[in-house]
Every structure is written in structure tokens, then in C-alpha cells.
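Engineer: Sharing a structure, written as C-alpha cells. Questions coming.
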Amino acid sequence: PEPTLWLRELLRSPVAGELSFDALASKPAIRYFNADHGYYDPEKAGDDWSDYEWRTAHQRGARFAPASFVSGYLNSEVDLGDALADLDAPVTFLWGREADITPLSDGRELADEADARLVVFDDAKLLPHVEFPEQFAETVLGELNRAFA
């Protein structure tokens, strides 16, 4: 889809943009998104992680990237599968099996296009690194060891 200039400018504006972003980045909104799309089991993330997300979202200038994302200005014409396939390095995707915003079928398709490895975390959605931090780190270290052995 084409980027929408008026929406980006509205969301970047001092009053309407700040109010809209504050609503989207409120603690209840963050908890709702995490429970709906972020985590298979929100209890695994705990309050510390949502507090971290809230603090991150409230850094100076933090609202500008989401404004560009929502309005389509971060969309790229680059074919990600081709770009990753052209890399002179192994690529591994780590994906939550239950992800719904970017479903596992998208991960499989991208991994096939990029000639990449796909590691799937069961009982995880969009943020498997939060739900399974130890296993995620072990997997990343294992992939690094495998790539550079």
C-alpha cells in the first residue's frame, strides 16, 4: 500500500499526535497488545517487561517511528527473501508457532525464499525471546557456533 502522508503528519503533530501515541503507548494498551498478539502466555513476561516497554515508548522522540510505521512510510520495495538470500552469511529466523500478526506460514515462506533456517518456538507468539529467554539465547548461541565453527 501507498504511504499516507496526512496520517503520518497527523500522528507526528504536537497535540493530536502526542495524544494518539499516549493512548497507544499507555500501560493498559501495552498489556492488551501483549495479551492479544505478543505472548502466548502473558504471565511469562511479567510486569517488568511491560514496564520496560512503557519506558521505551516514552523516550524523547519515540512516537515518530510508529507514526511512520502506521502510515506506511517504513514499507520497503526490497524483496526481503531475495535480499537475505544474497547475504554472504547464514540466516536463521526464530519464530513463535502461535504468532498471528506474522503467522508461521509467513516465516516458512520467508525462510524458503531466503534459503534460511527457521527455528520455531512452541507456545510462543510474536515475542518468543521474552517468553523463553534462556532457550532463545541458547538457540542464538548455537546458531552462531554452527555458523562460525
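Just so we're on the same page: first chain in the C-alpha cells is A, next is B, and so on; residues restart at 1 for each chain, and ligands are numbered from 1 in the order they show up.
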Residues near Ala45 in chain A, anyone? I mean within 8 Å using only C-alpha atoms, not counting same-chain ones fewer than 5 positions away, as a count of residues only.

Structural biologist: 4

Engineer: Need the shell around range 111-121 of chain A: protein/DNA/RNA residues with any atom at most 6 Å away, counting only C-alpha atoms. Skip same-chain ones fewer than 5 positions apart. Format as number ranges by chain?

Structural biologist: A: 81-82, 84-85, 91-97

Engineer: I need the chosen residues saved as a short mmCIF file (atom, residue, chain, number, x, y, z; two decimals), in the first residue's frame, with all heavy atoms.

Structural biologist:
data_model
loop_
_atom_site.label_atom_id
_atom_site.label_comp_id
_atom_site.auth_asym_id
_atom_site.auth_seq_id
_atom_site.Cartn_x
_atom_site.Cartn_y
_atom_site.Cartn_z
N GLY A 81 13.19 -11.66 1.04
CA GLY A 81 13.71 -13.00 0.78
C GLY A 81 14.93 -12.97 -0.12
O GLY A 81 15.96 -13.59 0.17
N ASP A 82 14.85 -12.20 -1.21
CA ASP A 82 16.00 -12.08 -2.13
C ASP A 82 17.18 -11.40 -1.46
O ASP A 82 18.32 -11.83 -1.62
CB ASP A 82 15.60 -11.30 -3.39
CG ASP A 82 14.69 -12.07 -4.32
OD1 ASP A 82 14.60 -13.31 -4.19
OD2 ASP A 82 14.08 -11.43 -5.19
N LEU A 84 17.99 -11.27 1.70
CA LEU A 84 18.62 -12.15 2.68
C LEU A 84 19.33 -13.31 2.00
O LEU A 84 20.39 -13.76 2.47
CB LEU A 84 17.59 -12.65 3.69
CG LEU A 84 17.01 -11.57 4.60
CD1 LEU A 84 15.85 -12.12 5.42
CD2 LEU A 84 18.08 -10.99 5.51
N ALA A 85 18.79 -13.80 0.91
CA ALA A 85 19.43 -14.90 0.18
C ALA A 85 20.77 -14.46 -0.40
O ALA A 85 21.69 -15.27 -0.55
CB ALA A 85 18.51 -15.42 -0.93
N VAL A 91 21.57 -17.25 7.61
CA VAL A 91 20.44 -16.53 8.21
C VAL A 91 19.55 -17.54 8.92
O VAL A 91 19.25 -18.60 8.37
CB VAL A 91 19.62 -15.77 7.14
CG1 VAL A 91 18.37 -15.15 7.74
CG2 VAL A 91 20.48 -14.73 6.44
N THR A 92 19.16 -17.21 10.14
CA THR A 92 18.24 -18.04 10.90
C THR A 92 17.11 -17.16 11.42
O THR A 92 17.36 -16.08 11.97
CB THR A 92 18.96 -18.70 12.10
OG1 THR A 92 20.02 -19.51 11.60
CG2 THR A 92 17.99 -19.56 12.91
N PHE A 93 15.88 -17.62 11.26
CA PHE A 93 14.72 -16.94 11.82
C PHE A 93 14.26 -17.71 13.05
O PHE A 93 14.21 -18.93 13.05
CB PHE A 93 13.55 -16.92 10.82
CG PHE A 93 13.83 -16.12 9.59
CD1 PHE A 93 14.04 -16.75 8.37
CD2 PHE A 93 13.89 -14.74 9.64
CE1 PHE A 93 14.29 -16.03 7.23
CE2 PHE A 93 14.15 -14.01 8.51
CZ PHE A 93 14.36 -14.64 7.29
N LEU A 94 13.91 -16.98 14.10
CA LEU A 94 13.33 -17.57 15.30
C LEU A 94 11.90 -17.06 15.36
O LEU A 94 11.67 -15.84 15.37
CB LEU A 94 14.14 -17.18 16.54
CG LEU A 94 15.53 -17.82 16.56
CD1 LEU A 94 16.55 -16.94 15.89
CD2 LEU A 94 15.93 -18.15 17.95
N TRP A 95 10.93 -17.98 15.42
CA TRP A 95 9.53 -17.63 15.22
C TRP A 95 8.66 -18.31 16.27
O TRP A 95 8.88 -19.48 16.59
CB TRP A 95 9.10 -18.13 13.84
CG TRP A 95 8.17 -17.24 13.10
CD1 TRP A 95 6.82 -17.18 13.23
CD2 TRP A 95 8.53 -16.31 12.09
NE1 TRP A 95 6.30 -16.26 12.36
CE2 TRP A 95 7.34 -15.71 11.63
CE3 TRP A 95 9.74 -15.92 11.51
CZ2 TRP A 95 7.31 -14.74 10.65
CZ3 TRP A 95 9.71 -14.97 10.51
CH2 TRP A 95 8.52 -14.39 10.10
N GLY A 96 7.64 -17.61 16.72
CA GLY A 96 6.66 -18.20 17.61
C GLY A 96 5.60 -18.93 16.80
O GLY A 96 5.01 -18.36 15.88
N ARG A 97 5.36 -20.19 17.14
CA ARG A 97 4.40 -21.01 16.39
C ARG A 97 2.99 -20.39 16.39
O ARG A 97 2.25 -20.49 15.41
CB ARG A 97 4.32 -22.42 16.97
CG ARG A 97 3.39 -23.35 16.20
CD ARG A 97 3.41 -24.77 16.69
NE ARG A 97 4.72 -25.37 16.67
CZ ARG A 97 5.32 -25.88 15.59
NH1 ARG A 97 4.71 -25.84 14.42
NH2 ARG A 97 6.52 -26.43 15.68
#

Engineer: Name the residues of chain A that fall into alpha helix (DSSP H) according to DSSP on the backbone, using the chain letters and numbers of this document, as an MDAnalysis selection string.

Structural biologist: chainID A and resid 5:12 16:24 27:33 46:57 64:70 80:85 104:114 128:131 133:147

Engineer: Mind writing the picked residues with C-alpha atoms as an mmCIF file, in the first residue's frame?

Structural biologist:
data_model
loop_
_atom_site.group_PDB
_atom_site.id
_atom_site.type_symbol
_atom_site.label_atom_id
_atom_site.label_comp_id
_atom_site.auth_asym_id
_atom_site.auth_seq_id
_atom_site.Cartn_x
_atom_site.Cartn_y
_atom_site.Cartn_z
ATOM 1 C CA LEU A 5 1.185 11.493 4.214
ATOM 2 C CA TRP A 6 -1.778 13.053 6.038
ATOM 3 C CA LEU A 7 -1.861 10.210 8.582
ATOM 4 C CA ARG A 8 1.869 10.424 9.231
ATOM 5 C CA GLU A 9 1.682 14.194 9.682
ATOM 6 C CA LEU A 10 -1.318 13.877 11.997
ATOM 7 C CA LEU A 11 0.471 11.320 14.162
ATOM 8 C CA ARG A 12 3.642 13.422 14.197
ATOM 9 C CA ALA A 16 -3.080 15.144 18.156
ATOM 10 C CA GLY A 17 -0.003 13.012 17.584
ATOM 11 C CA GLU A 18 1.074 13.072 21.200
ATOM 12 C CA LEU A 19 -2.445 12.292 22.418
ATOM 13 C CA SER A 20 -2.831 9.415 19.951
ATOM 14 C CA PHE A 21 0.568 7.976 20.796
ATOM 15 C CA ASP A 22 -0.013 8.336 24.534
ATOM 16 C CA ALA A 23 -3.214 6.304 24.154
ATOM 17 C CA LEU A 24 -1.473 3.617 22.075
ATOM 18 C CA LYS A 27 0.159 0.680 30.124
ATOM 19 C CA PRO A 28 -3.334 -0.778 29.510
ATOM 20 C CA ALA A 29 -2.810 -0.633 25.718
ATOM 21 C CA ILE A 30 0.579 -2.327 26.001
ATOM 22 C CA ARG A 31 -0.871 -5.049 28.232
ATOM 23 C CA TYR A 32 -3.773 -5.548 25.809
ATOM 24 C CA PHE A 33 -1.489 -5.845 22.766
ATOM 25 C CA GLY A 46 5.683 -10.407 33.869
ATOM 26 C CA ASP A 47 5.184 -6.784 34.832
ATOM 27 C CA ASP A 48 8.867 -5.908 34.479
ATOM 28 C CA TRP A 49 8.769 -6.420 30.730
ATOM 29 C CA SER A 50 5.638 -4.308 30.156
ATOM 30 C CA ASP A 51 7.172 -1.603 32.382
ATOM 31 C CA TYR A 52 10.268 -1.746 30.173
ATOM 32 C CA GLU A 53 8.110 -1.437 27.038
ATOM 33 C CA TRP A 54 6.297 1.543 28.536
ATOM 34 C CA ARG A 55 9.577 3.262 29.469
ATOM 35 C CA THR A 56 10.976 2.611 25.999
ATOM 36 C CA ALA A 57 7.849 4.030 24.365
ATOM 37 C CA PHE A 64 7.917 9.232 15.363
ATOM 38 C CA ALA A 65 8.866 5.718 14.224
ATOM 39 C CA PRO A 66 5.395 4.288 14.992
ATOM 40 C CA ALA A 67 3.841 7.251 13.135
ATOM 41 C CA SER A 68 5.876 6.332 10.051
ATOM 42 C CA PHE A 69 5.078 2.631 10.512
ATOM 43 C CA VAL A 70 1.294 3.121 10.860
ATOM 44 C CA LEU A 80 13.345 -9.367 1.817
ATOM 45 C CA GLY A 81 13.710 -13.000 0.784
ATOM 46 C CA ASP A 82 15.995 -12.082 -2.130
ATOM 47 C CA ALA A 83 17.995 -9.599 -0.070
ATOM 48 C CA LEU A 84 18.622 -12.150 2.683
ATOM 49 C CA ALA A 85 19.429 -14.905 0.178
ATOM 50 C CA LEU A 104 4.315 -19.153 10.985
ATOM 51 C CA SER A 105 3.309 -19.651 7.346
ATOM 52 C CA ASP A 106 4.937 -16.246 6.606
ATOM 53 C CA GLY A 107 8.071 -17.380 8.432
ATOM 54 C CA ARG A 108 8.228 -20.597 6.440
ATOM 55 C CA GLU A 109 7.743 -18.732 3.167
ATOM 56 C CA LEU A 110 10.424 -16.163 4.021
ATOM 57 C CA ALA A 111 12.851 -18.864 5.170
ATOM 58 C CA ASP A 112 12.319 -20.730 1.892
ATOM 59 C CA GLU A 113 12.815 -17.559 -0.181
ATOM 60 C CA ALA A 114 15.937 -16.589 1.770
ATOM 61 C CA PRO A 128 9.484 -15.716 21.853
ATOM 62 C CA HIS A 129 12.622 -14.022 23.205
ATOM 63 C CA VAL A 130 10.515 -12.705 26.092
ATOM 64 C CA GLU A 131 8.545 -15.878 26.759
ATOM 65 C CA PRO A 133 14.671 -16.016 27.136
ATOM 66 C CA GLU A 134 17.040 -18.831 28.121
ATOM 67 C CA GLN A 135 16.055 -21.100 25.232
ATOM 68 C CA PHE A 136 16.141 -18.153 22.843
ATOM 69 C CA ALA A 137 19.676 -17.200 23.933
ATOM 70 C CA GLU A 138 20.818 -20.831 23.739
ATOM 71 C CA THR A 139 19.406 -21.099 20.231
ATOM 72 C CA VAL A 140 21.116 -17.901 19.079
ATOM 73 C CA LEU A 141 24.441 -19.006 20.573
ATOM 74 C CA GLY A 142 24.045 -22.430 18.986
ATOM 75 C CA GLU A 143 23.369 -20.840 15.590
ATOM 76 C CA LEU A 144 26.413 -18.590 15.962
ATOM 77 C CA ASN A 145 28.591 -21.562 16.905
ATOM 78 C CA ARG A 146 27.212 -23.533 13.971
ATOM 79 C CA ALA A 147 27.816 -20.652 11.548
#

Engineer: With distances taken over only C-alpha atoms, which of A:Ala149, A:Leu74, A:Ala62, A:Leu127 is nearest to Lys44 in chain A?

Structural biologist: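 The answer is A:Leu127, which sits nearest to Lys44 in chain A.
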
Engineer: Which of these, A:Asp100, A:Ser76, A:Leu126, A:Ala89, has the shortest distance to Pro42 in chain A once you count only C-alpha atoms?

Structural biologist: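 Using only C-alpha atoms, the shortest distance to Pro42 in chain A belongs to A:Leu126.
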
Engineer: Work out how far CA of Ser26 in chain A is from CA of His58 in chain A, in Å to one decimal.

Structural biologist: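 Between CA of His58 in chain A and CA of Ser26 in chain A the gap works out to 9.4 Å.
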
Engineer: One number please: CA of Thr102 in chain A to CA of Tyr40 in chain A, in Å, one decimal.

Structural biologist: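 Pair CA of Thr102 in chain A / CA of Tyr40 in chain A returns 13.8 Å.
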